[in-house]
Amino acid sequence: MADTICAIDVGTTKVCAIIAEVVGEERLEIVGYGRAASDGMTKGVVTNVAAATAAIGQAVEEAEQAADRSIGRAYVGIAGSHIQAQPSKGAVPIGRNRIVSAEDVARVKEAARAIALPHNREIIHVVPRSYAVDEQEDLQEPIGMHGFRLAVDAQVISGATGAVRNLLRCIQTHGIEVEELVLEPLASGEAVLTEAERDMGVAVVDMGGGTTDLAMFMKGSLWHTMVVDVGGQHLTHDLAVGLGAPFEAAEQLKLRFGSALASRVPPDQDVTVDVFGENGPSTVPRQLVAEILEVRAEEMIDLVLREIKRSGYDGLAPAGLVLTGGSAQLPGLRELARQMTQMPVRVGIPASLAKMPPDLRTPDNATGVGLLLWAMHNQWLSGDFSERRQRSPFMERVMRWLKNLLPG
Ligand SMILES: Nc1ncnc2c1ncn2[C@@H]1O[C@H](COP(=O)(O)OP(=O)(O)OP(=O)(O)O)[C@@H](O)[C@H]1O
Ligand SMILES: [Mg+2]
């Protein structure tokens with residue numbers, strides 16, 4: 001039987017579990033998926049373990065039934081504003097034969113992990129930006145090169161220990177071991193970016209329900225990443241407060257009639273919405289709805305733009321922005337982003353995989369589909385998977401942690 005990979009995207013508004021089979025070389029086939037409304041999640045992090053666990057269970061069970069198999073391990077997305085990225089360097093002597101091996105690459109990444117972190121934070125990823133073999137710099141693939149010293153320039157991505165452990169617990173309660181926690185914008189990038197965009201320089205902006213995640217790529221590698229605590233729920237909240245409407249009514253109004261560009265909305269159109277203090281629905285100009293949404297959307301894009309500038313990346317993203325996540329579907333958002341950033345902007349939908357149901361080909365599934373692609377690119381293709389299976393990165397982390405507890 002073919003190898004099975006499972007991805008679980010635990011978002012602020014929905015949980016999505018997708019099961020795929022690896023068929024042939026580098027080809028995934030979707031065999032089942034499940035989706036449930038999130039519970040116990042705020043701004044991308046678990047705030048109620050029992051509720052989040054139940055929502056995850058529902059999505060997983062649905063996926064397992066559709067795929068007609070149960071899953072024991074999964075790749076799980078992680079986000080939240082507790083995530084931080086910091087640059088780090090590492091270097092090691094190249095082993096026997098002076099030819100860089102996969103083992104040397106693993107060792108140099110391990111060396112780059114050695115950064116000072118407060119005790120309440122832990123490392124989620126070490127993502128290489130580029131490698132150097134002796135004086136030859138800027139290498140994307142050092143394996144097979146001849147030399148004496150291998151160095152890496154990496155991004156170390158860390159998260160708050162509490163947020164990490166709570167998420168792990170919600171998954172493990174279902175008897176599912178976490179193969180790897182993957183930063184959500186990295187997963188989304190896998191699903192929606194083209195290789196040409198990554199090489200040229202691009203920023204993927206995943207605008208979800210509770211967070212907006214940013215990942216910038218240059219020369220094919222991750223340059224910088226950040227998660228901000230603003231998402232589609234804030235757009236809805238502003239409408240609810242602005243119009244005096246219940247949250248759910250405001251959400252429906254946003255989905256049906258919303259726009260992020262008030263100037264594009266005909267001035268003479270009215271829409272109805274249930275408001276507090278009235279017995280029946282109330283009439284509001286559609287342009288007012290767009291005006292309220294535009295203010296918040298502008299703020300969200302401005303935050304992203306400021307972070308891009310802060311990272312020293314400004315002007316280095318000729319491929320511009322790729323907007324994804326559920327909120328990227330808000331009409332007018334792409335145009336607003338284009339006007340504000342003066343960059344090329346497109347909306348990213350996940351790459352098509354074999355037997356992929358059309359329901360998954362929407363921006364809000366970028367993270368889920370991307371987790372599968374991440375799994376394939378970073379684990380399957382980087383060596384012997386069955387060996388890794390016996391000792392997952394998570395287990396390695398546990399082992400390292402246990403080792404640290406031992407005296408001397
Ligand atoms: N057509 C649409 N227009 C505007 N907003 C939309 C549309 N469709 C979905 N959304 C919004 O997208 C958000 C959900 O997106 P998504 O599923 O990507 O979030 P999530 O993964 O649950 O949350 P997060 O990643 O922030 O933790 C909701 O706020 C929803 O209102
Ligand atoms: Mg999401």
# chains A, B, ... in the order shown; residues from 1 in each chain; ligands from 1
call {"tool": "closest_atom_pairs", "arguments": {"of": "chain A", "to": "ligand 2", "cutoff": "8 Å", "atoms": "only C-alpha atoms and all ligand atoms", "output": "tab-separated table"}}
result
residue	atom	partner	partner_atom_place_in_ligand_line	distance
A:Asp9	CA	ligand 2	1 (Mg)	6.9
A:Val10	CA	ligand 2	1 (Mg)	7.1
A:Gly11	CA	ligand 2	1 (Mg)	4.5
A:Thr12	CA	ligand 2	1 (Mg)	6.8
A:Thr13	CA	ligand 2	1 (Mg)	7.9
A:Lys14	CA	ligand 2	1 (Mg)	7.9
A:Gly44	CA	ligand 2	1 (Mg)	7.6
A:Glu184	CA	ligand 2	1 (Mg)	7.0
A:Asp206	CA	ligand 2	1 (Mg)	7.0
A:Met207	CA	ligand 2	1 (Mg)	7.4
A:Gly208	CA	ligand 2	1 (Mg)	4.8
A:Gly209	CA	ligand 2	1 (Mg)	6.9
A:Gly210	CA	ligand 2	1 (Mg)	7.9
A:Thr211	CA	ligand 2	1 (Mg)	7.4
A:Gly325	CA	ligand 2	1 (Mg)	6.1
A:Gly326	CA	ligand 2	1 (Mg)	7.7
A:Asp364	CA	ligand 2	1 (Mg)	6.6
A:Asn365	CA	ligand 2	1 (Mg)	7.7
A:Ala366	CA	ligand 2	1 (Mg)	7.9
A:Thr367	CA	ligand 2	1 (Mg)	6.2
call {"tool": "residues_around", "arguments": {"residues": "range 193-197 of chain A", "least_positions_apart": "4", "cutoff": "9 Å", "atoms": "only C-alpha atoms", "output": "ChimeraX atom specification"}}
result
/A:188-189,201-204,217-220,317-320,322,348,350-351
call {"tool": "write_last_selection", "arguments": {"atoms": "all heavy atoms", "output": "mmCIF file, in the first residue's frame"}}
result
data_model
loop_
_atom_site.group_PDB
_atom_site.id
_atom_site.type_symbol
_atom_site.label_atom_id
_atom_site.label_comp_id
_atom_site.auth_asym_id
_atom_site.auth_seq_id
_atom_site.Cartn_x
_atom_site.Cartn_y
_atom_site.Cartn_z
ATOM 1 N N SER A 188 1.349 27.510 3.342
ATOM 2 C CA SER A 188 0.553 28.188 2.310
ATOM 3 C C SER A 188 1.414 28.525 1.095
ATOM 4 O O SER A 188 0.969 28.401 -0.041
ATOM 5 C CB SER A 188 -0.067 29.471 2.863
ATOM 6 O OG SER A 188 -0.870 29.173 3.975
ATOM 7 N N GLY A 189 2.658 28.943 1.368
ATOM 8 C CA GLY A 189 3.584 29.257 0.275
ATOM 9 C C GLY A 189 3.803 28.055 -0.632
ATOM 10 O O GLY A 189 3.848 28.180 -1.854
ATOM 11 N N GLY A 201 11.549 36.641 -5.946
ATOM 12 C CA GLY A 201 11.265 37.409 -4.733
ATOM 13 C C GLY A 201 9.779 37.683 -4.665
ATOM 14 O O GLY A 201 9.209 38.342 -5.539
ATOM 15 N N VAL A 202 9.128 37.171 -3.624
ATOM 16 C CA VAL A 202 7.676 37.268 -3.517
ATOM 17 C C VAL A 202 7.283 37.213 -2.043
ATOM 18 O O VAL A 202 8.033 36.690 -1.213
ATOM 19 C CB VAL A 202 7.027 36.098 -4.315
ATOM 20 C CG1 VAL A 202 7.218 34.754 -3.618
ATOM 21 C CG2 VAL A 202 5.545 36.339 -4.593
ATOM 22 N N ALA A 203 6.126 37.770 -1.735
ATOM 23 C CA ALA A 203 5.606 37.660 -0.367
ATOM 24 C C ALA A 203 4.247 36.989 -0.432
ATOM 25 O O ALA A 203 3.380 37.430 -1.181
ATOM 26 C CB ALA A 203 5.483 39.040 0.267
ATOM 27 N N VAL A 204 4.069 35.915 0.338
ATOM 28 C CA VAL A 204 2.750 35.292 0.415
ATOM 29 C C VAL A 204 2.092 35.812 1.690
ATOM 30 O O VAL A 204 2.711 35.872 2.747
ATOM 31 C CB VAL A 204 2.815 33.744 0.343
ATOM 32 C CG1 VAL A 204 3.669 33.139 1.411
ATOM 33 C CG2 VAL A 204 1.412 33.145 0.433
ATOM 34 N N PHE A 217 9.891 35.205 0.293
ATOM 35 C CA PHE A 217 10.868 34.303 -0.310
ATOM 36 C C PHE A 217 11.745 35.064 -1.281
ATOM 37 O O PHE A 217 11.288 35.985 -1.961
ATOM 38 C CB PHE A 217 10.155 33.181 -1.081
ATOM 39 C CG PHE A 217 9.329 32.300 -0.199
ATOM 40 C CD1 PHE A 217 8.030 32.653 0.122
ATOM 41 C CD2 PHE A 217 9.858 31.134 0.329
ATOM 42 C CE1 PHE A 217 7.260 31.857 0.958
ATOM 43 C CE2 PHE A 217 9.094 30.330 1.161
ATOM 44 C CZ PHE A 217 7.796 30.685 1.474
ATOM 45 N N MET A 218 13.004 34.656 -1.334
ATOM 46 C CA MET A 218 13.925 35.246 -2.298
ATOM 47 C C MET A 218 14.912 34.168 -2.712
ATOM 48 O O MET A 218 15.307 33.347 -1.876
ATOM 49 C CB MET A 218 14.666 36.413 -1.655
ATOM 50 C CG MET A 218 15.271 37.337 -2.667
ATOM 51 S SD MET A 218 15.865 38.832 -1.895
ATOM 52 C CE MET A 218 17.064 38.206 -0.758
ATOM 53 N N LYS A 219 15.288 34.168 -3.967
ATOM 54 C CA LYS A 219 16.203 33.148 -4.500
ATOM 55 C C LYS A 219 15.765 31.753 -4.062
ATOM 56 O O LYS A 219 16.585 30.914 -3.680
ATOM 57 C CB LYS A 219 17.632 33.403 -4.038
ATOM 58 C CG LYS A 219 18.247 34.650 -4.630
ATOM 59 C CD LYS A 219 19.684 34.767 -4.186
ATOM 60 C CE LYS A 219 20.256 36.138 -4.503
ATOM 61 N NZ LYS A 219 21.453 36.419 -3.734
ATOM 62 N N GLY A 220 14.480 31.530 -4.055
ATOM 63 C CA GLY A 220 13.960 30.197 -3.759
ATOM 64 C C GLY A 220 13.827 29.855 -2.288
ATOM 65 O O GLY A 220 13.247 28.839 -1.938
ATOM 66 N N ALA A 317 11.006 42.334 -3.985
ATOM 67 C CA ALA A 317 9.955 41.370 -4.324
ATOM 68 C C ALA A 317 9.323 41.707 -5.661
ATOM 69 O O ALA A 317 8.176 42.119 -5.724
ATOM 70 C CB ALA A 317 8.906 41.331 -3.219
ATOM 71 N N PRO A 318 10.092 41.527 -6.743
ATOM 72 C CA PRO A 318 9.539 41.887 -8.044
ATOM 73 C C PRO A 318 8.282 41.094 -8.392
ATOM 74 O O PRO A 318 7.448 41.563 -9.150
ATOM 75 C CB PRO A 318 10.670 41.574 -9.035
ATOM 76 C CG PRO A 318 11.760 40.962 -8.273
ATOM 77 C CD PRO A 318 11.453 41.013 -6.817
ATOM 78 N N ALA A 319 8.136 39.901 -7.827
ATOM 79 C CA ALA A 319 6.926 39.116 -8.115
ATOM 80 C C ALA A 319 5.761 39.572 -7.245
ATOM 81 O O ALA A 319 4.650 39.067 -7.387
ATOM 82 C CB ALA A 319 7.192 37.628 -7.934
ATOM 83 N N GLY A 320 6.007 40.519 -6.331
ATOM 84 C CA GLY A 320 4.923 41.144 -5.596
ATOM 85 C C GLY A 320 4.313 40.314 -4.495
ATOM 86 O O GLY A 320 5.009 39.571 -3.803
ATOM 87 N N VAL A 322 1.283 37.616 -3.107
ATOM 88 C CA VAL A 322 0.269 36.616 -3.424
ATOM 89 C C VAL A 322 -0.630 36.512 -2.201
ATOM 90 O O VAL A 322 -0.184 36.101 -1.127
ATOM 91 C CB VAL A 322 0.891 35.251 -3.785
ATOM 92 C CG1 VAL A 322 -0.202 34.226 -4.057
ATOM 93 C CG2 VAL A 322 1.794 35.383 -5.017
ATOM 94 N N GLY A 348 -3.939 33.747 -4.562
ATOM 95 C CA GLY A 348 -3.386 32.403 -4.745
ATOM 96 C C GLY A 348 -4.371 31.324 -4.332
ATOM 97 O O GLY A 348 -4.858 31.329 -3.207
ATOM 98 N N PRO A 350 -4.750 27.028 -4.030
ATOM 99 C CA PRO A 350 -3.800 25.922 -3.916
ATOM 100 C C PRO A 350 -3.612 25.157 -5.223
ATOM 101 O O PRO A 350 -4.561 25.004 -5.998
ATOM 102 C CB PRO A 350 -4.409 25.015 -2.851
ATOM 103 C CG PRO A 350 -5.643 25.655 -2.376
ATOM 104 C CD PRO A 350 -5.878 26.917 -3.101
ATOM 105 N N ALA A 351 -2.386 24.726 -5.432
ATOM 106 C CA ALA A 351 -2.036 23.922 -6.605
ATOM 107 C C ALA A 351 -2.925 22.687 -6.646
ATOM 108 O O ALA A 351 -3.313 22.149 -5.614
ATOM 109 C CB ALA A 351 -0.577 23.494 -6.490
#
call {"tool": "select_by_dssp", "arguments": {"residues": "range 241-388 of chain A", "states": "strand (DSSP E or B)", "output": "ChimeraX atom specification"}}
result
/A:270-274,281-285,321-324,345-347,354
call {"tool": "residues_around", "arguments": {"residues": "Ile56 in chain A", "least_positions_apart": "3", "cutoff": "8 Å", "atoms": "only C-alpha atoms", "output": "JSON, numbers by chain"}}
result
{"A": [10, 15, 16, 36, 38, 52, 53, 59, 60, 170, 171]}
call {"tool": "closest_residue", "arguments": {"among": "A:Gln342, A:Thr225, A:Ser327, A:Ser130", "to": "Pro363 in chain A", "atoms": "only C-alpha atoms"}}
result
A:Ser327
call {"tool": "decode", "arguments": {"residues": "range 259-292 of chain A", "atoms": "N, CA, C and O atoms", "output": "mmCIF file, in the first residue's frame"}}
result
data_model
loop_
_atom_site.group_PDB
_atom_site.id
_atom_site.type_symbol
_atom_site.label_atom_id
_atom_site.label_comp_id
_atom_site.auth_asym_id
_atom_site.auth_seq_id
_atom_site.Cartn_x
_atom_site.Cartn_y
_atom_site.Cartn_z
ATOM 1 N N SER A 259 -17.075 44.412 0.165
ATOM 2 C CA SER A 259 -16.032 44.821 -0.770
ATOM 3 C C SER A 259 -15.014 45.642 0.008
ATOM 4 O O SER A 259 -15.352 46.293 0.992
ATOM 5 N N ALA A 260 -13.767 45.586 -0.446
ATOM 6 C CA ALA A 260 -12.727 46.366 0.228
ATOM 7 C C ALA A 260 -12.467 47.677 -0.511
ATOM 8 O O ALA A 260 -11.547 48.406 -0.164
ATOM 9 N N LEU A 261 -13.257 47.946 -1.544
ATOM 10 C CA LEU A 261 -13.080 49.172 -2.317
ATOM 11 C C LEU A 261 -14.432 49.869 -2.454
ATOM 12 O O LEU A 261 -15.230 49.537 -3.331
ATOM 13 N N ALA A 262 -14.663 50.844 -1.587
ATOM 14 C CA ALA A 262 -15.959 51.523 -1.579
ATOM 15 C C ALA A 262 -16.232 52.227 -2.913
ATOM 16 O O ALA A 262 -17.370 52.291 -3.374
ATOM 17 N N SER A 263 -15.162 52.733 -3.542
ATOM 18 C CA SER A 263 -15.355 53.476 -4.789
ATOM 19 C C SER A 263 -15.895 52.597 -5.915
ATOM 20 O O SER A 263 -16.423 53.088 -6.900
ATOM 21 N N ARG A 264 -15.740 51.267 -5.752
ATOM 22 C CA ARG A 264 -16.209 50.345 -6.780
ATOM 23 C C ARG A 264 -17.678 49.954 -6.624
ATOM 24 O O ARG A 264 -18.236 49.273 -7.463
ATOM 25 N N VAL A 265 -18.257 50.330 -5.477
ATOM 26 C CA VAL A 265 -19.629 49.898 -5.187
ATOM 27 C C VAL A 265 -20.607 50.968 -5.686
ATOM 28 O O VAL A 265 -20.431 52.148 -5.389
ATOM 29 N N PRO A 266 -21.641 50.583 -6.457
ATOM 30 C CA PRO A 266 -22.604 51.579 -6.947
ATOM 31 C C PRO A 266 -23.259 52.309 -5.770
ATOM 32 O O PRO A 266 -23.658 51.671 -4.786
ATOM 33 N N PRO A 267 -23.353 53.656 -5.835
ATOM 34 C CA PRO A 267 -23.814 54.439 -4.683
ATOM 35 C C PRO A 267 -25.295 54.238 -4.360
ATOM 36 O O PRO A 267 -25.729 54.530 -3.255
ATOM 37 N N ASP A 268 -26.064 53.755 -5.319
ATOM 38 C CA ASP A 268 -27.516 53.697 -5.092
ATOM 39 C C ASP A 268 -28.012 52.336 -4.584
ATOM 40 O O ASP A 268 -29.198 52.094 -4.522
ATOM 41 N N GLN A 269 -27.081 51.414 -4.215
ATOM 42 C CA GLN A 269 -27.535 50.086 -3.782
ATOM 43 C C GLN A 269 -27.699 50.017 -2.270
ATOM 44 O O GLN A 269 -26.837 50.468 -1.525
ATOM 45 N N ASP A 270 -28.819 49.405 -1.852
ATOM 46 C CA ASP A 270 -29.039 49.186 -0.427
ATOM 47 C C ASP A 270 -29.067 47.694 -0.134
ATOM 48 O O ASP A 270 -29.448 46.896 -0.986
ATOM 49 N N VAL A 271 -28.654 47.331 1.085
ATOM 50 C CA VAL A 271 -28.743 45.930 1.499
ATOM 51 C C VAL A 271 -29.456 45.889 2.855
ATOM 52 O O VAL A 271 -29.513 46.897 3.562
ATOM 53 N N THR A 272 -30.009 44.730 3.199
ATOM 54 C CA THR A 272 -30.691 44.641 4.489
ATOM 55 C C THR A 272 -29.884 43.764 5.447
ATOM 56 O O THR A 272 -29.212 42.822 5.032
ATOM 57 N N VAL A 273 -29.961 44.115 6.717
ATOM 58 C CA VAL A 273 -29.256 43.351 7.746
ATOM 59 C C VAL A 273 -30.045 43.453 9.059
ATOM 60 O O VAL A 273 -30.664 44.493 9.338
ATOM 61 N N ASP A 274 -30.042 42.349 9.821
ATOM 62 C CA ASP A 274 -30.677 42.391 11.148
ATOM 63 C C ASP A 274 -29.813 43.237 12.067
ATOM 64 O O ASP A 274 -28.596 43.053 12.109
ATOM 65 N N VAL A 275 -30.426 44.177 12.767
ATOM 66 C CA VAL A 275 -29.654 44.992 13.714
ATOM 67 C C VAL A 275 -30.293 44.904 15.090
ATOM 68 O O VAL A 275 -31.467 44.553 15.225
ATOM 69 N N PHE A 276 -29.485 45.240 16.101
ATOM 70 C CA PHE A 276 -30.019 45.255 17.464
ATOM 71 C C PHE A 276 -31.027 46.385 17.598
ATOM 72 O O PHE A 276 -30.880 47.436 16.956
ATOM 73 N N GLY A 277 -32.031 46.210 18.398
ATOM 74 C CA GLY A 277 -32.970 47.287 18.715
ATOM 75 C C GLY A 277 -34.069 47.473 17.693
ATOM 76 O O GLY A 277 -34.831 48.429 17.771
ATOM 77 N N GLU A 278 -34.132 46.602 16.684
ATOM 78 C CA GLU A 278 -35.206 46.686 15.682
ATOM 79 C C GLU A 278 -35.870 45.323 15.616
ATOM 80 O O GLU A 278 -35.224 44.299 15.817
ATOM 81 N N ASN A 279 -37.146 45.298 15.277
ATOM 82 C CA ASN A 279 -37.828 44.011 15.172
ATOM 83 C C ASN A 279 -37.576 43.325 13.835
ATOM 84 O O ASN A 279 -37.537 42.115 13.735
ATOM 85 N N GLY A 280 -37.373 44.121 12.815
ATOM 86 C CA GLY A 280 -37.137 43.531 11.490
ATOM 87 C C GLY A 280 -35.789 43.953 10.974
ATOM 88 O O GLY A 280 -35.042 44.668 11.664
ATOM 89 N N PRO A 281 -35.416 43.501 9.774
ATOM 90 C CA PRO A 281 -34.134 43.911 9.187
ATOM 91 C C PRO A 281 -34.111 45.403 8.869
ATOM 92 O O PRO A 281 -35.168 45.997 8.637
ATOM 93 N N SER A 282 -32.918 45.942 8.867
ATOM 94 C CA SER A 282 -32.754 47.368 8.615
ATOM 95 C C SER A 282 -32.039 47.550 7.270
ATOM 96 O O SER A 282 -31.274 46.686 6.849
ATOM 97 N N THR A 283 -32.272 48.661 6.612
ATOM 98 C CA THR A 283 -31.654 48.902 5.305
ATOM 99 C C THR A 283 -30.408 49.776 5.478
ATOM 100 O O THR A 283 -30.453 50.795 6.174
ATOM 101 N N VAL A 284 -29.303 49.350 4.848
ATOM 102 C CA VAL A 284 -28.089 50.187 4.892
ATOM 103 C C VAL A 284 -27.508 50.290 3.482
ATOM 104 O O VAL A 284 -27.644 49.365 2.680
ATOM 105 N N PRO A 285 -26.876 51.419 3.165
ATOM 106 C CA PRO A 285 -26.255 51.535 1.842
ATOM 107 C C PRO A 285 -25.091 50.543 1.716
ATOM 108 O O PRO A 285 -24.293 50.400 2.648
ATOM 109 N N ARG A 286 -25.005 49.881 0.585
ATOM 110 C CA ARG A 286 -23.934 48.900 0.366
ATOM 111 C C ARG A 286 -22.566 49.581 0.419
ATOM 112 O O ARG A 286 -21.569 48.978 0.810
ATOM 113 N N GLN A 287 -22.565 50.849 0.026
ATOM 114 C CA GLN A 287 -21.292 51.579 0.053
ATOM 115 C C GLN A 287 -20.774 51.779 1.486
ATOM 116 O O GLN A 287 -19.570 51.748 1.715
ATOM 117 N N LEU A 288 -21.710 51.942 2.417
ATOM 118 C CA LEU A 288 -21.301 52.083 3.819
ATOM 119 C C LEU A 288 -20.613 50.800 4.303
ATOM 120 O O LEU A 288 -19.592 50.842 5.002
ATOM 121 N N VAL A 289 -21.185 49.658 3.887
ATOM 122 C CA VAL A 289 -20.581 48.364 4.244
ATOM 123 C C VAL A 289 -19.144 48.320 3.729
ATOM 124 O O VAL A 289 -18.203 47.976 4.464
ATOM 125 N N ALA A 290 -18.957 48.726 2.484
ATOM 126 C CA ALA A 290 -17.621 48.703 1.885
ATOM 127 C C ALA A 290 -16.685 49.701 2.564
ATOM 128 O O ALA A 290 -15.497 49.424 2.753
ATOM 129 N N GLU A 291 -17.235 50.860 2.950
ATOM 130 C CA GLU A 291 -16.377 51.864 3.606
ATOM 131 C C GLU A 291 -15.817 51.327 4.919
ATOM 132 O O GLU A 291 -14.651 51.520 5.233
ATOM 133 N N ILE A 292 -16.687 50.654 5.673
ATOM 134 C CA ILE A 292 -16.239 50.090 6.959
ATOM 135 C C ILE A 292 -15.157 49.027 6.711
ATOM 136 O O ILE A 292 -14.113 49.017 7.371
#
